[in-house]
Each structure stands twice: as structure tokens, then as C-alpha cells.
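J.: Got query11.cif for you, mmCIF, C-alpha atoms and all ligand atoms:
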data_entry
loop_
_atom_site.label_atom_id
_atom_site.label_comp_id
_atom_site.auth_asym_id
_atom_site.auth_seq_id
_atom_site.Cartn_x
_atom_site.Cartn_y
_atom_site.Cartn_z
CA MET A 58 -19.28 22.38 -5.03
CA LEU A 59 -16.96 24.22 -7.36
CA LYS A 60 -17.34 21.79 -10.29
CA ARG A 61 -19.75 24.00 -12.24
CA ILE A 62 -17.49 27.03 -11.84
CA GLU A 63 -14.45 24.98 -12.76
CA THR A 64 -16.11 23.80 -15.99
CA LYS A 65 -17.12 27.37 -16.78
CA VAL A 66 -13.62 28.75 -16.24
CA LEU A 67 -11.93 25.99 -18.24
CA SER A 68 -14.24 26.60 -21.18
CA GLY A 69 -13.45 30.33 -21.11
CA GLY A 70 -16.74 31.43 -19.48
CA ARG A 71 -16.96 34.58 -17.40
CA LEU A 72 -17.63 34.44 -13.65
CA THR A 73 -20.70 36.23 -12.28
CA PRO A 74 -20.80 37.99 -8.90
CA GLY A 75 -22.67 34.92 -7.60
CA ASP A 76 -19.87 32.61 -8.79
CA ALA A 77 -17.28 34.85 -7.14
CA LEU A 78 -19.21 34.72 -3.86
CA LYS A 79 -19.25 30.91 -3.99
CA LEU A 80 -15.48 30.97 -4.45
CA PHE A 81 -14.92 33.34 -1.53
CA GLU A 82 -17.21 31.26 0.69
CA SER A 83 -15.53 28.00 -0.26
CA ASP A 84 -12.85 26.42 1.92
CA ASP A 85 -11.54 24.40 -1.00
CA LEU A 86 -8.37 26.44 -1.37
CA PHE A 87 -6.64 23.71 -3.38
CA THR A 88 -9.27 23.63 -6.14
CA LEU A 89 -9.25 27.42 -6.23
CA GLY A 90 -5.47 27.52 -6.46
CA ARG A 91 -5.27 24.85 -9.13
CA LEU A 92 -7.88 26.61 -11.24
CA ALA A 93 -6.27 30.03 -10.88
CA ASP A 94 -2.88 28.49 -11.67
CA THR A 95 -4.28 26.96 -14.86
CA VAL A 96 -5.64 30.34 -15.96
CA ALA A 97 -2.36 32.11 -15.08
CA ARG A 98 -0.36 29.57 -17.05
CA ARG A 99 -2.62 29.96 -20.05
CA LYS A 100 -1.87 33.68 -19.98
CA ASN A 101 1.81 33.77 -19.02
CA GLY A 102 3.13 30.23 -19.30
CA LYS A 103 5.72 29.47 -16.63
CA LYS A 104 6.95 33.04 -16.56
CA ALA A 105 6.85 35.07 -13.36
CA TYR A 106 7.95 38.67 -13.51
CA PHE A 107 9.88 41.13 -11.41
CA ILE A 108 11.34 44.57 -12.04
CA ARG A 109 14.37 46.51 -10.85
CA ASN A 110 12.60 49.49 -9.37
CA ARG A 111 12.88 52.05 -6.63
CA HIS A 112 10.07 53.61 -4.63
CA ILE A 113 10.18 57.29 -3.79
CA ASN A 114 7.67 59.05 -1.56
CA PRO A 115 8.16 62.79 -2.08
CA THR A 116 6.19 63.68 1.07
CA ASN A 117 4.00 62.15 3.73
CA LEU A 118 2.13 65.38 4.37
CA CYS A 119 -1.45 64.69 3.36
CA VAL A 120 -4.69 66.63 3.57
CA ASN A 121 -6.72 63.39 3.53
CA ARG A 122 -5.60 61.35 6.55
CA CYS A 123 -7.28 58.03 5.69
CA LYS A 124 -8.02 55.88 8.74
CA PHE A 125 -6.01 52.90 7.48
CA CYS A 126 -2.93 54.95 6.65
CA ALA A 127 -0.03 55.08 9.11
CA PHE A 128 2.26 56.81 6.62
CA SER A 129 0.65 60.24 6.39
CA ARG A 130 1.21 63.21 8.71
CA SER A 131 -0.24 66.67 9.16
CA LYS A 132 1.92 69.77 8.87
CA GLY A 133 4.18 70.21 11.90
CA GLN A 134 3.52 66.71 13.22
CA ASP A 135 6.43 64.48 14.31
CA GLY A 136 7.77 62.39 11.47
CA ALA A 137 6.49 64.68 8.69
CA PHE A 138 8.85 64.97 5.72
CA GLU A 139 9.08 66.79 2.40
CA LEU A 140 11.78 65.93 -0.13
CA THR A 141 13.36 68.54 -2.32
CA ILE A 142 13.81 67.68 -5.98
CA ARG A 143 17.54 67.57 -5.37
CA GLU A 144 17.02 64.96 -2.62
CA ILE A 145 14.92 62.89 -5.00
CA ILE A 146 17.63 63.02 -7.66
CA GLU A 147 20.23 62.03 -5.04
CA LYS A 148 18.14 59.03 -3.96
CA LEU A 149 17.93 57.91 -7.57
CA GLY A 150 21.61 58.35 -8.27
CA GLY A 151 23.21 57.86 -4.92
CA ARG A 152 24.96 55.05 -3.18
CA GLN A 153 22.98 53.13 -0.56
CA LYS A 154 24.42 51.28 2.42
CA GLY A 155 25.07 47.62 1.68
CA ARG A 156 24.31 47.86 -2.02
CA SER A 157 26.60 48.29 -4.95
CA LYS A 158 26.29 51.44 -7.00
CA THR A 159 25.81 49.42 -10.16
CA ASP A 160 22.81 47.60 -8.73
CA LEU A 161 21.14 50.91 -7.94
CA HIS A 162 21.97 52.47 -11.26
CA ASP A 163 20.48 49.51 -13.01
CA ILE A 164 16.90 50.24 -11.98
CA SER A 165 14.57 50.58 -14.92
CA GLU A 166 11.62 52.19 -13.12
CA VAL A 167 10.97 54.72 -10.38
CA HIS A 168 7.63 54.41 -8.59
CA ILE A 169 6.52 57.70 -7.05
CA VAL A 170 3.55 58.08 -4.71
CA GLY A 171 3.01 60.43 -1.82
CA GLY A 172 0.54 62.38 0.28
CA LEU A 173 -1.60 65.24 -0.96
CA HIS A 174 0.67 68.10 0.06
CA PRO A 175 -1.21 71.12 1.44
CA ASP A 176 0.98 73.76 -0.27
CA TRP A 177 3.06 72.42 -3.17
CA PRO A 178 1.91 73.91 -6.48
CA PHE A 179 1.32 71.80 -9.60
CA GLU A 180 4.54 73.19 -11.07
CA TYR A 181 6.54 71.46 -8.31
CA TYR A 182 5.26 68.07 -9.45
CA GLN A 183 5.95 68.97 -13.07
CA GLU A 184 9.46 70.06 -12.21
CA MET A 185 10.00 66.85 -10.22
CA ILE A 186 9.09 64.67 -13.20
CA ALA A 187 10.93 66.81 -15.75
CA THR A 188 14.11 66.92 -13.63
CA ILE A 189 14.10 63.14 -13.15
CA ARG A 190 13.69 62.72 -16.87
CA LYS A 191 16.54 65.15 -17.55
CA HIS A 192 18.94 63.35 -15.19
CA PHE A 193 17.86 59.78 -16.01
CA PRO A 194 16.45 59.81 -19.55
CA LYS A 195 16.14 56.02 -19.76
CA LEU A 196 14.36 55.59 -16.43
CA HIS A 197 10.63 54.86 -16.69
CA ILE A 198 8.63 57.17 -14.40
CA LYS A 199 5.55 55.50 -12.93
CA ALA A 200 4.00 58.13 -10.75
CA PHE A 201 0.91 59.44 -8.95
CA THR A 202 -2.19 57.46 -8.03
CA ALA A 203 -5.60 58.44 -9.39
CA VAL A 204 -6.17 60.20 -6.04
CA GLU A 205 -3.09 62.35 -6.56
CA ILE A 206 -4.00 63.08 -10.19
CA ASP A 207 -7.45 64.28 -9.08
CA TYR A 208 -5.74 66.54 -6.50
CA LEU A 209 -3.24 67.86 -9.06
CA SER A 210 -6.10 68.68 -11.39
CA LYS A 211 -7.77 70.66 -8.58
CA ILE A 212 -4.64 72.63 -7.66
CA SER A 213 -3.67 73.27 -11.29
CA GLY A 214 -7.14 74.37 -12.36
CA LEU A 215 -6.78 72.10 -15.40
CA ASP A 216 -9.23 69.35 -16.29
CA LEU A 217 -8.11 65.76 -15.75
CA TYR A 218 -7.12 65.14 -19.35
CA SER A 219 -5.00 68.31 -19.56
CA THR A 220 -3.38 67.57 -16.19
CA LEU A 221 -2.40 64.10 -17.39
CA MET A 222 -1.19 65.35 -20.77
CA ALA A 223 0.96 68.01 -19.10
CA LEU A 224 2.58 65.40 -16.84
CA LYS A 225 3.02 63.05 -19.77
CA ALA A 226 4.84 65.78 -21.69
CA ASP A 227 7.11 66.22 -18.63
CA GLY A 228 8.00 62.52 -18.64
CA LEU A 229 5.25 60.58 -16.84
CA GLY A 230 5.30 57.07 -18.32
CA SER A 231 2.55 55.20 -16.44
CA MET A 232 0.56 55.29 -13.21
CA PRO A 233 0.47 52.99 -10.20
CA GLY A 234 -2.82 51.50 -8.99
CA GLY A 235 -3.08 52.91 -5.46
CA GLY A 236 -5.96 54.81 -3.92
CA ALA A 237 -8.63 52.38 -5.12
CA GLU A 238 -9.11 50.90 -1.62
CA ILE A 239 -12.69 49.54 -1.76
CA PHE A 240 -15.13 51.25 -4.10
CA ALA A 241 -18.37 50.45 -2.17
CA PRO A 242 -19.40 53.87 -0.74
CA ASP A 243 -20.43 52.72 2.77
CA ILE A 244 -17.11 50.97 3.40
CA ARG A 245 -15.11 53.70 1.68
CA ASN A 246 -16.70 56.31 3.96
CA ARG A 247 -15.54 54.35 6.99
CA LEU A 248 -12.01 53.97 5.62
CA CYS A 249 -11.31 57.31 4.06
CA PRO A 250 -14.15 59.82 4.18
CA GLU A 251 -12.03 62.58 2.66
CA LYS A 252 -10.78 60.58 -0.30
CA ILE A 253 -12.31 60.81 -3.80
CA SER A 254 -15.15 58.36 -4.43
CA GLY A 255 -14.70 55.02 -6.13
CA ASP A 256 -16.51 56.39 -9.19
CA ARG A 257 -14.09 59.29 -9.41
CA TRP A 258 -11.12 56.91 -9.09
CA LEU A 259 -12.50 54.94 -12.03
CA GLU A 260 -13.13 58.13 -14.01
CA VAL A 261 -9.52 59.29 -13.52
CA MET A 262 -8.28 55.90 -14.73
CA GLU A 263 -10.57 55.97 -17.75
CA ILE A 264 -9.24 59.37 -18.74
CA ALA A 265 -5.63 58.26 -18.14
CA HIS A 266 -6.20 55.31 -20.48
CA LYS A 267 -7.70 57.71 -23.06
CA ALA A 268 -4.58 59.86 -22.71
CA GLY A 269 -2.50 56.79 -23.59
CA ILE A 270 -1.22 56.29 -20.03
CA ARG A 271 -1.29 52.69 -18.84
CA THR A 272 -2.07 52.11 -15.19
CA ASN A 273 -2.42 49.43 -12.54
CA ALA A 274 -5.33 48.80 -10.20
CA THR A 275 -5.37 47.78 -6.54
CA MET A 276 -7.82 46.69 -3.85
CA LEU A 277 -7.16 47.11 -0.14
CA TYR A 278 -8.66 44.10 1.64
CA GLY A 279 -8.79 42.56 5.10
CA HIS A 280 -10.19 45.49 7.15
CA VAL A 281 -13.94 46.08 7.54
CA GLU A 282 -15.13 45.04 4.09
CA GLY A 283 -17.06 41.85 3.30
CA TYR A 284 -16.72 39.46 0.37
CA ARG A 285 -19.54 41.26 -1.46
CA ASP A 286 -17.56 44.52 -1.33
CA ARG A 287 -14.50 42.81 -2.79
CA ILE A 288 -16.62 41.33 -5.56
CA ASP A 289 -18.25 44.68 -6.34
CA HIS A 290 -14.73 46.15 -6.59
CA LEU A 291 -13.48 43.45 -8.95
CA MET A 292 -16.56 43.69 -11.16
CA LYS A 293 -16.14 47.47 -11.55
CA LEU A 294 -12.51 47.01 -12.56
CA ARG A 295 -13.41 44.27 -15.03
CA LYS A 296 -16.06 46.50 -16.58
CA LEU A 297 -13.68 49.43 -17.06
CA GLN A 298 -11.00 47.13 -18.44
CA ASP A 299 -13.54 45.84 -21.01
CA LYS A 300 -14.01 49.44 -22.10
CA THR A 301 -10.41 50.73 -22.16
CA GLY A 302 -7.97 47.81 -21.90
CA GLY A 303 -5.62 50.24 -20.16
CA PHE A 304 -4.90 48.32 -16.95
CA GLN A 305 -1.71 46.29 -16.89
CA ALA A 306 -1.78 44.55 -13.52
CA PHE A 307 -4.11 44.06 -10.59
CA ILE A 308 -2.59 44.11 -7.10
CA PRO A 309 -4.59 43.04 -4.05
CA LEU A 310 -3.12 44.96 -1.08
CA ALA A 311 -3.23 43.15 2.27
CA TYR A 312 -4.27 45.52 5.07
CA HIS A 313 -1.60 46.25 7.72
CA PRO A 314 -3.10 47.52 10.99
CA ARG A 315 -0.25 48.95 13.12
CA ASN A 316 -0.22 52.66 14.01
CA THR A 317 -3.45 53.22 12.09
CA GLU A 318 -6.64 54.79 13.39
CA MET A 319 -8.62 51.76 12.25
CA LEU A 320 -6.45 49.17 13.99
CA GLY A 321 -7.75 45.56 13.64
CA GLY A 322 -5.60 42.56 12.69
CA TYR A 323 -3.38 41.34 9.87
CA THR A 324 -4.85 39.28 7.03
CA SER A 325 -4.34 35.51 7.10
CA GLY A 326 -2.15 33.67 4.60
CA LEU A 327 -5.26 31.72 3.59
CA ASP A 328 -7.19 34.89 2.79
CA ASP A 329 -4.19 36.30 0.90
CA LEU A 330 -3.99 33.24 -1.35
CA LYS A 331 -7.74 33.04 -1.81
CA THR A 332 -7.91 36.70 -2.81
CA ILE A 333 -5.08 36.32 -5.32
CA ALA A 334 -6.70 33.22 -6.84
CA ILE A 335 -10.19 34.75 -7.09
CA SER A 336 -8.78 37.95 -8.56
CA ARG A 337 -7.08 35.86 -11.26
CA LEU A 338 -10.34 34.06 -12.00
CA VAL A 339 -12.67 37.08 -11.99
CA LEU A 340 -10.38 39.52 -13.83
CA ASP A 341 -10.22 37.49 -17.00
CA ASN A 342 -9.33 40.62 -19.00
CA PHE A 343 -6.24 41.54 -16.91
CA ASP A 344 -2.94 40.13 -18.17
CA HIS A 345 -1.17 40.25 -14.82
CA ILE A 346 -1.89 39.65 -11.14
CA LYS A 347 0.78 40.95 -8.81
CA ALA A 348 1.62 39.39 -5.44
CA TYR A 349 3.27 42.42 -3.82
CA TRP A 350 6.00 40.79 -1.73
CA ILE A 351 6.40 43.76 0.60
CA MET A 352 2.84 43.29 1.87
CA LEU A 353 2.46 39.52 1.53
CA GLY A 354 5.89 38.51 2.75
CA GLU A 355 8.35 36.47 0.76
CA LYS A 356 6.84 33.05 1.42
CA ILE A 357 3.20 33.91 0.75
CA SER A 358 4.23 35.72 -2.46
CA GLN A 359 6.08 32.60 -3.48
CA LEU A 360 2.99 30.46 -2.88
CA ALA A 361 0.89 33.08 -4.67
CA LEU A 362 2.88 32.30 -7.82
CA ARG A 363 1.13 28.90 -7.76
CA PHE A 364 -2.25 30.46 -6.94
CA GLY A 365 -2.72 32.75 -9.94
CA ALA A 366 -0.10 35.48 -9.57
CA ASP A 367 2.60 36.01 -12.22
CA ASP A 368 4.43 39.04 -10.80
CA ILE A 369 5.98 39.87 -7.42
CA ASP A 370 6.91 43.54 -8.03
CA GLY A 371 10.54 44.50 -7.56
CA THR A 372 13.68 45.58 -5.76
CA ILE A 373 11.85 48.60 -4.24
CA ILE A 374 14.93 49.66 -2.18
CA GLU A 375 13.04 51.90 0.26
CA GLU A 376 9.44 51.30 1.37
CA LYS A 377 7.56 53.50 3.80
CA ILE A 378 3.79 52.96 3.41
CA THR A 379 3.61 49.31 4.51
CA HIS A 380 6.42 49.67 7.00
CA SER A 381 4.71 52.57 8.78
CA ALA A 382 1.76 50.21 9.32
CA GLY A 383 3.71 47.26 10.71
CA GLY A 384 5.12 45.69 7.54
CA LEU A 385 6.85 42.45 8.47
CA THR A 386 9.25 42.13 5.52
CA GLY A 387 12.62 43.75 4.97
CA GLY A 388 12.55 46.67 2.56
CA GLN A 389 14.92 45.32 -0.06
CA MET A 390 15.54 42.33 -2.28
CA THR A 391 18.16 42.23 -5.00
CA ALA A 392 17.30 41.04 -8.50
CA GLU A 393 19.05 37.75 -7.67
CA ASP A 394 16.96 37.34 -4.48
CA LEU A 395 13.78 37.88 -6.47
CA ALA A 396 14.85 35.50 -9.22
CA ASN A 397 15.65 32.85 -6.58
CA LEU A 398 12.31 33.29 -4.90
CA ILE A 399 10.58 32.77 -8.25
CA ARG A 400 12.78 29.87 -9.27
CA LYS A 401 12.08 28.05 -6.02
CA ALA A 402 8.35 28.41 -6.70
CA GLY A 403 8.90 26.41 -9.90
CA ARG A 404 8.47 29.40 -12.20
CA LEU A 405 10.75 31.00 -14.75
CA PRO A 406 12.11 34.33 -13.44
CA VAL A 407 11.79 37.12 -15.99
CA GLU A 408 13.07 40.62 -15.32
CA ARG A 409 10.62 42.93 -17.09
CA ASP A 410 10.32 46.57 -18.04
CA SER A 411 7.36 48.73 -17.06
CA PHE A 412 5.24 47.35 -19.92
CA TYR A 413 6.06 43.68 -19.27
CA LYS A 414 8.63 43.45 -22.02
CA SER A 415 11.17 40.81 -21.06
CA LEU A 416 14.61 42.31 -20.28
CA LYS A 417 16.35 39.20 -18.98
CA VAL A 418 15.36 35.61 -18.40
CA TYR A 419 17.08 34.01 -15.40
CA ALA A 420 17.62 30.41 -16.40
O1 LIG A 501 -3.01 53.67 -2.05
C1 LIG A 501 -2.05 52.49 2.69
C2 LIG A 501 -2.30 51.25 0.48
C3 LIG A 501 -1.36 52.04 -1.42
C4 LIG A 501 -2.05 50.78 4.04
O2 LIG A 501 0.78 49.95 -8.96
C5 LIG A 501 -2.10 50.31 2.73
O3 LIG A 501 2.52 48.66 -9.10
C6 LIG A 501 -2.09 48.14 3.50
O4 LIG A 501 -0.75 51.33 -4.43
N1 LIG A 501 -2.10 48.55 4.79
C7 LIG A 501 -0.05 52.45 -2.03
N2 LIG A 501 -2.12 48.99 2.46
C8 LIG A 501 0.70 51.25 -2.57
C9 LIG A 501 0.27 50.91 -3.96
C10 LIG A 501 1.15 50.05 -4.79
C11 LIG A 501 2.13 49.30 -4.20
C12 LIG A 501 2.94 48.51 -5.01
C13 LIG A 501 2.79 48.50 -6.38
C14 LIG A 501 1.82 49.28 -6.96
C15 LIG A 501 1.69 49.32 -8.43
C16 LIG A 501 0.97 50.06 -6.17
O5 LIG A 501 -1.09 51.37 -0.21
C17 LIG A 501 -2.32 53.10 -1.00
C18 LIG A 501 -3.24 52.31 -0.10
O6 LIG A 501 -4.20 51.64 -0.86
N3 LIG A 501 -2.12 51.38 1.93
N4 LIG A 501 -2.01 52.13 4.00
C19 LIG A 501 -2.07 49.85 5.11
N5 LIG A 501 -2.09 50.24 6.38
FE1 LIG A 502 -3.05 60.42 2.16
FE2 LIG A 502 -2.84 58.28 0.57
FE3 LIG A 502 -2.39 58.01 3.21
FE4 LIG A 502 -4.88 58.47 2.32
S1 LIG A 502 -3.62 56.62 1.88
S2 LIG A 502 -3.86 59.52 4.04
S3 LIG A 502 -4.51 59.81 0.56
S4 LIG A 502 -1.18 59.23 1.80
#
Rewrite the coordinates I just gave you, this time as C-alpha cells.
T.:
Amino acid sequence: MLKRIETKVLSGGRLTPGDALKLFESDDLFTLGRLADTVARRKNGKKAYFIRNRHINPTNLCVNRCKFCAFSRSKGQDGAFELTIREIIEKLGGRQKGRSKTDLHDISEVHIVGGLHPDWPFEYYQEMIATIRKHFPKLHIKAFTAVEIDYLSKISGLDLYSTLMALKADGLGSMPGGGAEIFAPDIRNRLCPEKISGDRWLEVMEIAHKAGIRTNATMLYGHVEGYRDRIDHLMKLRKLQDKTGGFQAFIPLAYHPRNTEMLGGYTSGLDDLKTIAISRLVLDNFDHIKAYWIMLGEKISQLALRFGADDIDGTIIEEKITHSAGGLTGGQMTAEDLANLIRKAGRLPVERDSFYKSLKVYA
């Protein structure tokens, strides 16, 4: 029976881990969805957001080699790549097959994440950010997960705060939420034994927020974790958000199994919707829940907009991480495609900037 939880949520009460477990164990997806939708509408009204963005992965060389990751390569392995800064600038300014130049030039954000390169010095990353800023002064640069920031701090010899401040001075505007995976140490060790711990991920984010850098948060679900691990993850994020208020959006990432060492299956649409809805209900101090259309597919993301999500990410243009692991969606949607998707879900499409300021409302 979800009645007690429903009453609690509607009166502004906070869900406990026990409440969250009841929700995950419930099959009453409609009550869950309705409740999450009510909460989402209280926060964002009928608005659902998207952004004109482009993803860039500077390299897939990575010293970590997480077992769920089909994107990364070791040095010399087939399919390994390293972009020069010039190539990055060309991708941001260049023409792309089937797209108009104007559409590309209109992006307001570049999202940069990559592997932990075995040899690039810190200065290369600094130069990358500074050169992008020089060529595209109005473009917001959202770059480097907490895992990458930890690595950059190690290779630079600077502490975390100084690493972040140096990148901020170069032009870093905000950080994406990747690398969080699942915080629970036993599961994390099975997924990515070489990756920084969940506590360290949280510490990097806390310091980023102190440095005035807003970030997102993610959770990779649908592999070997249980509901209790997801709940532990959400509770830790909620606690840090109480302290710093620096997270903008939470993005549950649906595990994709192809070409990974872990293998396993895809998540179900039911689990995707349930996870979005429960995230909305538990993370009462997050303004935004993102249904990442590249991972969820267009139709589940559309449904997610009625199950607690208020954002579907963006135009993306080129996506490698999900597609290396058997992503089932195309890599691109135009702003009009995204607005249509939102409109058909009965929501008001709003093109946003990187801080959720409205740039254009699509009537
Ligand atoms: O950190 C890797 C995940 C993340 C797989 O902040 C996988 O706005 C599923 O964090 N199946 C990178 N997921 C993507 C990411 C992200 C994406 C969109 C928006 C934002 C944002 C952040 O992708 C990695 C890892 O957690 N990942 N392999 C896989 N096989
Ligand atoms: Fe490297 Fe990130 Fe892939 Fe892990 S998920 S292997 S850290 S690129």
C-alpha cells in the first residue's frame, strides 16, 4: 500500500530509505508515476527542458577500464583514438553531414568527457578548455567528470580545489555527473575496481560546489546492483545536496550491456520509468530529473516526462559511450525534434541554457 507514502509526499514530507524500498518493490507503477508527476509539476510546472549541445570525447584511451564500459581502449588497441585540440575546434565549428551549419553553430553548450589518458599532461586539458573559450567565447563548457577531475589533480600535483580553480580560470563552466556509477563499495568493486571510490566522487563534487562550479549527478543502474544499492546512492546524493545545493540535475543512466566485460541484459522500460519516478520522489532537493534520451530511447524518455522527469538533455550530435555499448537510438535530434517529442508528451518545450535559464519557449 502506497497510501501512507503518498500522503507523506503530498504534505512535503521526506522519504526514508524504507519508504524508497517500498516504492521500488511496488508494482503500482501508475501511482508512482502520478505522484512523481505531481512533484515534478510543483517544481517545474508544465515545462520540460532541452538544450542545444554537442558531446565531444577527446580520447577513449583510459587507464581504468571499467567492466561496464565498451567505450574505452588501451594504448595501441584497435579503435583507440586521441583528438588534437585542432580536431576538437573543427568539430565545434565544422559542417556535419545532413545538418545545416547554422544549426551546429547555434549550440549553447559543449559537453566534454573522456577516458583517463595515460600520457596527456594537465596542461593539455587546460589548453583544450582555453582554446575552446578563445574560439567560441559564448559557448558554455561543461567538462570532466569527478573521476577525471581526481585524475587531473593527480597528474597536475595540485589539490582538488586548485585543479578546479585553474580549469575554471581557463573557461570551465560546469561539470557533468558521470562516474558516480553505484557508490556501494561491494558493487562498485565488481563494476570498476580501478575507479575512485564513491566517497571520493562525493568529495570531488563537494569541492567543486565550494569552488562555485555547478555539477550534475548520475547513477548507473540495471547491472548487478539491488534496490538497496540504488537507495543508498540516492540518499548519499540527497545528503550532499542538503549541504552544498550545488547539483543541478540528477540523471539515472540505464545500463547498456553490448561489448562490455560485464555483459548481462538491457534494462526494462518498466524499471526505467520506476527509477525516474523514485528518483524524483527521493531527491526532493534536486530541481531537475533528466531522462537522457540517448540511453532511454525517444519513447521511454517521452513517457518519463509524465513520470517525474522535466529534462531530456539535448541535440548531442555525436555520441560514443552509449553507442559503443549497444545504444539503440540514433545519435542526433534537432531542436525541433526534441520540442516535438516534448510537445507530444503534453509538456511545454523550453530550450534552456546550462543553468536552466529559458532561452526559447516552443509554443
Ligand atoms: O560515467 C559508461 C556511463 C557515463 C555505460 O551530466 C554507461 O548532463 C550505460 O555521465 N551503459 C557518461 N552507461 C555519461 C554521463 C552523462 C550523460 C549525459 C548527460 C550527463 C550530464 C552525463 O556513462 C559514465 C558511465 O557512468 N556509462 N558505460 C554503459 N555500458
Ligand atoms: Fe574509463 Fe570512464 Fe570508461 Fe571507466 S567509464 S573505463 S573511467 S572511460
J.: Return as a ChimeraX atom specification the residues of protein, DNA or RNA that approach ligand LIG 502 (chain A) to within 10 Å, with all atoms listed in the file taken into account.
T.: /A:114,116-131,170-174,202,204-205,208,235-238,248-253,378
J.: For the interface of chain A with ligand LIG 501 (chain A) (cut-off 8 Å, counting all atoms listed in the file), please tabulate each contacting residue of chain A alongside its nearest pair of atoms and their separation in Å to one decimal, rows sorted by chain and increasing number, as a Markdown table.
T.:
| residue | atom | partner | partner_atom | distance |
| --- | --- | --- | --- | --- |
| A:Phe125 | CA | A:LIG501 | N5 | 4.9 |
| A:Cys126 | CA | A:LIG501 | N4 | 4.0 |
| A:Ala127 | CA | A:LIG501 | N5 | 5.9 |
| A:Phe128 | CA | A:LIG501 | N4 | 6.9 |
| A:His168 | CA | A:LIG501 | O3 | 7.7 |
| A:Val170 | CA | A:LIG501 | C7 | 7.2 |
| A:Thr202 | CA | A:LIG501 | O1 | 7.1 |
| A:Met232 | CA | A:LIG501 | O2 | 6.8 |
| A:Pro233 | CA | A:LIG501 | O2 | 3.3 |
| A:Gly234 | CA | A:LIG501 | O2 | 3.9 |
| A:Gly235 | CA | A:LIG501 | O4 | 3.0 |
| A:Gly236 | CA | A:LIG501 | O1 | 3.7 |
| A:Ala237 | CA | A:LIG501 | O6 | 6.2 |
| A:Glu238 | CA | A:LIG501 | O6 | 5.0 |
| A:Thr272 | CA | A:LIG501 | O2 | 7.2 |
| A:Asn273 | CA | A:LIG501 | O2 | 4.8 |
| A:Ala274 | CA | A:LIG501 | O2 | 6.3 |
| A:Thr275 | CA | A:LIG501 | O4 | 6.2 |
| A:Met276 | CA | A:LIG501 | O6 | 6.8 |
| A:Leu277 | CA | A:LIG501 | O6 | 5.5 |
| A:Tyr278 | CA | A:LIG501 | C6 | 7.9 |
| A:Ala306 | CA | A:LIG501 | O3 | 7.4 |
| A:Phe307 | CA | A:LIG501 | O2 | 7.8 |
| A:Ile308 | CA | A:LIG501 | C14 | 6.8 |
| A:Leu310 | CA | A:LIG501 | N2 | 5.5 |
| A:Ala311 | CA | A:LIG501 | C6 | 5.3 |
| A:Tyr312 | CA | A:LIG501 | N1 | 3.7 |
| A:His313 | CA | A:LIG501 | N1 | 3.8 |
| A:Pro314 | CA | A:LIG501 | N5 | 5.4 |
| A:Arg315 | CA | A:LIG501 | N5 | 7.1 |
| A:Thr317 | CA | A:LIG501 | N5 | 6.6 |
| A:Lys347 | CA | A:LIG501 | O3 | 7.9 |
| A:Tyr349 | CA | A:LIG501 | C12 | 6.2 |
| A:Met352 | CA | A:LIG501 | C6 | 7.1 |
| A:Asp370 | CA | A:LIG501 | C13 | 6.7 |
| A:Ile378 | CA | A:LIG501 | N4 | 5.9 |
| A:Thr379 | CA | A:LIG501 | C19 | 5.7 |
| A:Ser381 | CA | A:LIG501 | N5 | 7.6 |
| A:Ala382 | CA | A:LIG501 | N5 | 4.8 |
| A:Gly383 | CA | A:LIG501 | N5 | 7.8 |
J.: For Leu327 of chain A, list every protein, DNA or RNA residue within 12 Å, evaluated using only C-alpha atoms, and leave out those in the same chain fewer than 4 positions away; present the list as a ChimeraX atom specification.
T.: /A:81,83-87,89-90,279,311,323,331-334,353,357-358,360-361,364
J.: Could you state the separation of atom CA of Ile146 of chain A and atom CA of Thr188 of chain A in Å, given to one decimal place?
T.: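 If I compute the distance from atom CA of Ile146 of chain A to atom CA of Thr188 of chain A, I get 8.0 Å.
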J.: Compare A:Lys401, A:Arg91, A:Lys293, A:Lys417 by their minimum atom-to-atom distance to Met262 of chain A, counting all atoms listed in the file, and give me the closest one.
T.: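 Among the listed residues, A:Lys293 lies closest to Met262 of chain A.
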J.: Using Å and a single decimal, report how far atom CA of Ile399 of chain A sits from atom CA of Leu67 of chain A.
T.: 25.5 Å
J.: Here is a test: counting only C-alpha atoms, which residue of A:Lys103, A:Thr88, A:Gly230, A:Asp176 is nearest to Lys132 of chain A?
T.: A:Asp176
J.: So which residues touch Pro194 of chain A within 12 Å, counting only C-alpha atoms, skipping near sequence neighbours fewer than 3 positions away, as a list in words?
T.: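 Listed by chain and then number, they are Ser165, Glu166, Val167, Ile186, Ala187, Thr188, Ile189, Arg190, Lys191, His197, Ile198, Asp227, Gly228, Leu229 and Gly230 of chain A.
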J.: When you look at Trp258 of chain A with a cut-off of 6 Å (counting all atoms listed in the file), what residues show up, excluding the ones that are within fewer than 3 positions of it in the same chain? I need them as a PyMOL selection string.
T.: chain A and resi 203+255+261
J.: If you count only C-alpha atoms, which residues fall within 8 Å of segment 104-108 of chain A, apart from same-chain ones fewer than 2 positions away, as a compact mmCIF listing (two decimals) with C-alpha atoms, in the frame of the given file?
T.:
# COMPACT_ATOMS: atom_id res chain seq x y z
CA ASN A 101 1.81 33.77 -19.02
CA GLY A 102 3.13 30.23 -19.30
CA ASN A 110 12.60 49.49 -9.37
CA ILE A 164 16.90 50.24 -11.98
CA SER A 165 14.57 50.58 -14.92
CA GLU A 166 11.62 52.19 -13.12
CA LEU A 362 2.88 32.30 -7.82
CA ALA A 366 -0.10 35.48 -9.57
CA ASP A 367 2.60 36.01 -12.22
CA ASP A 368 4.43 39.04 -10.80
CA ILE A 369 5.98 39.87 -7.42
CA ASP A 370 6.91 43.54 -8.03
CA GLY A 371 10.54 44.50 -7.56
CA THR A 372 13.68 45.58 -5.76
CA ALA A 392 17.30 41.04 -8.50
CA LEU A 395 13.78 37.88 -6.47
CA ALA A 396 14.85 35.50 -9.22
CA ILE A 399 10.58 32.77 -8.25
CA ARG A 404 8.47 29.40 -12.20
CA LEU A 405 10.75 31.00 -14.75
CA PRO A 406 12.11 34.33 -13.44
CA VAL A 407 11.79 37.12 -15.99
CA GLU A 408 13.07 40.62 -15.32
CA ARG A 409 10.62 42.93 -17.09
CA ASP A 410 10.32 46.57 -18.04
CA SER A 411 7.36 48.73 -17.06
CA TYR A 413 6.06 43.68 -19.27
J.: Kindly give the distance, in Å, that separates atom CA of Ala77 of chain A and atom CA of Leu92 of chain A, rounded to a single decimal.
T.: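 About the pair atom CA of Ala77 of chain A and atom CA of Leu92 of chain A: they are 13.2 Å apart.
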J.: I need the residue nearest Lys300 of chain A from this list: A:Lys267, A:Lys100, A:Arg400, A:His280. Use only C-alpha atoms for the distance.
T.: A:Lys267
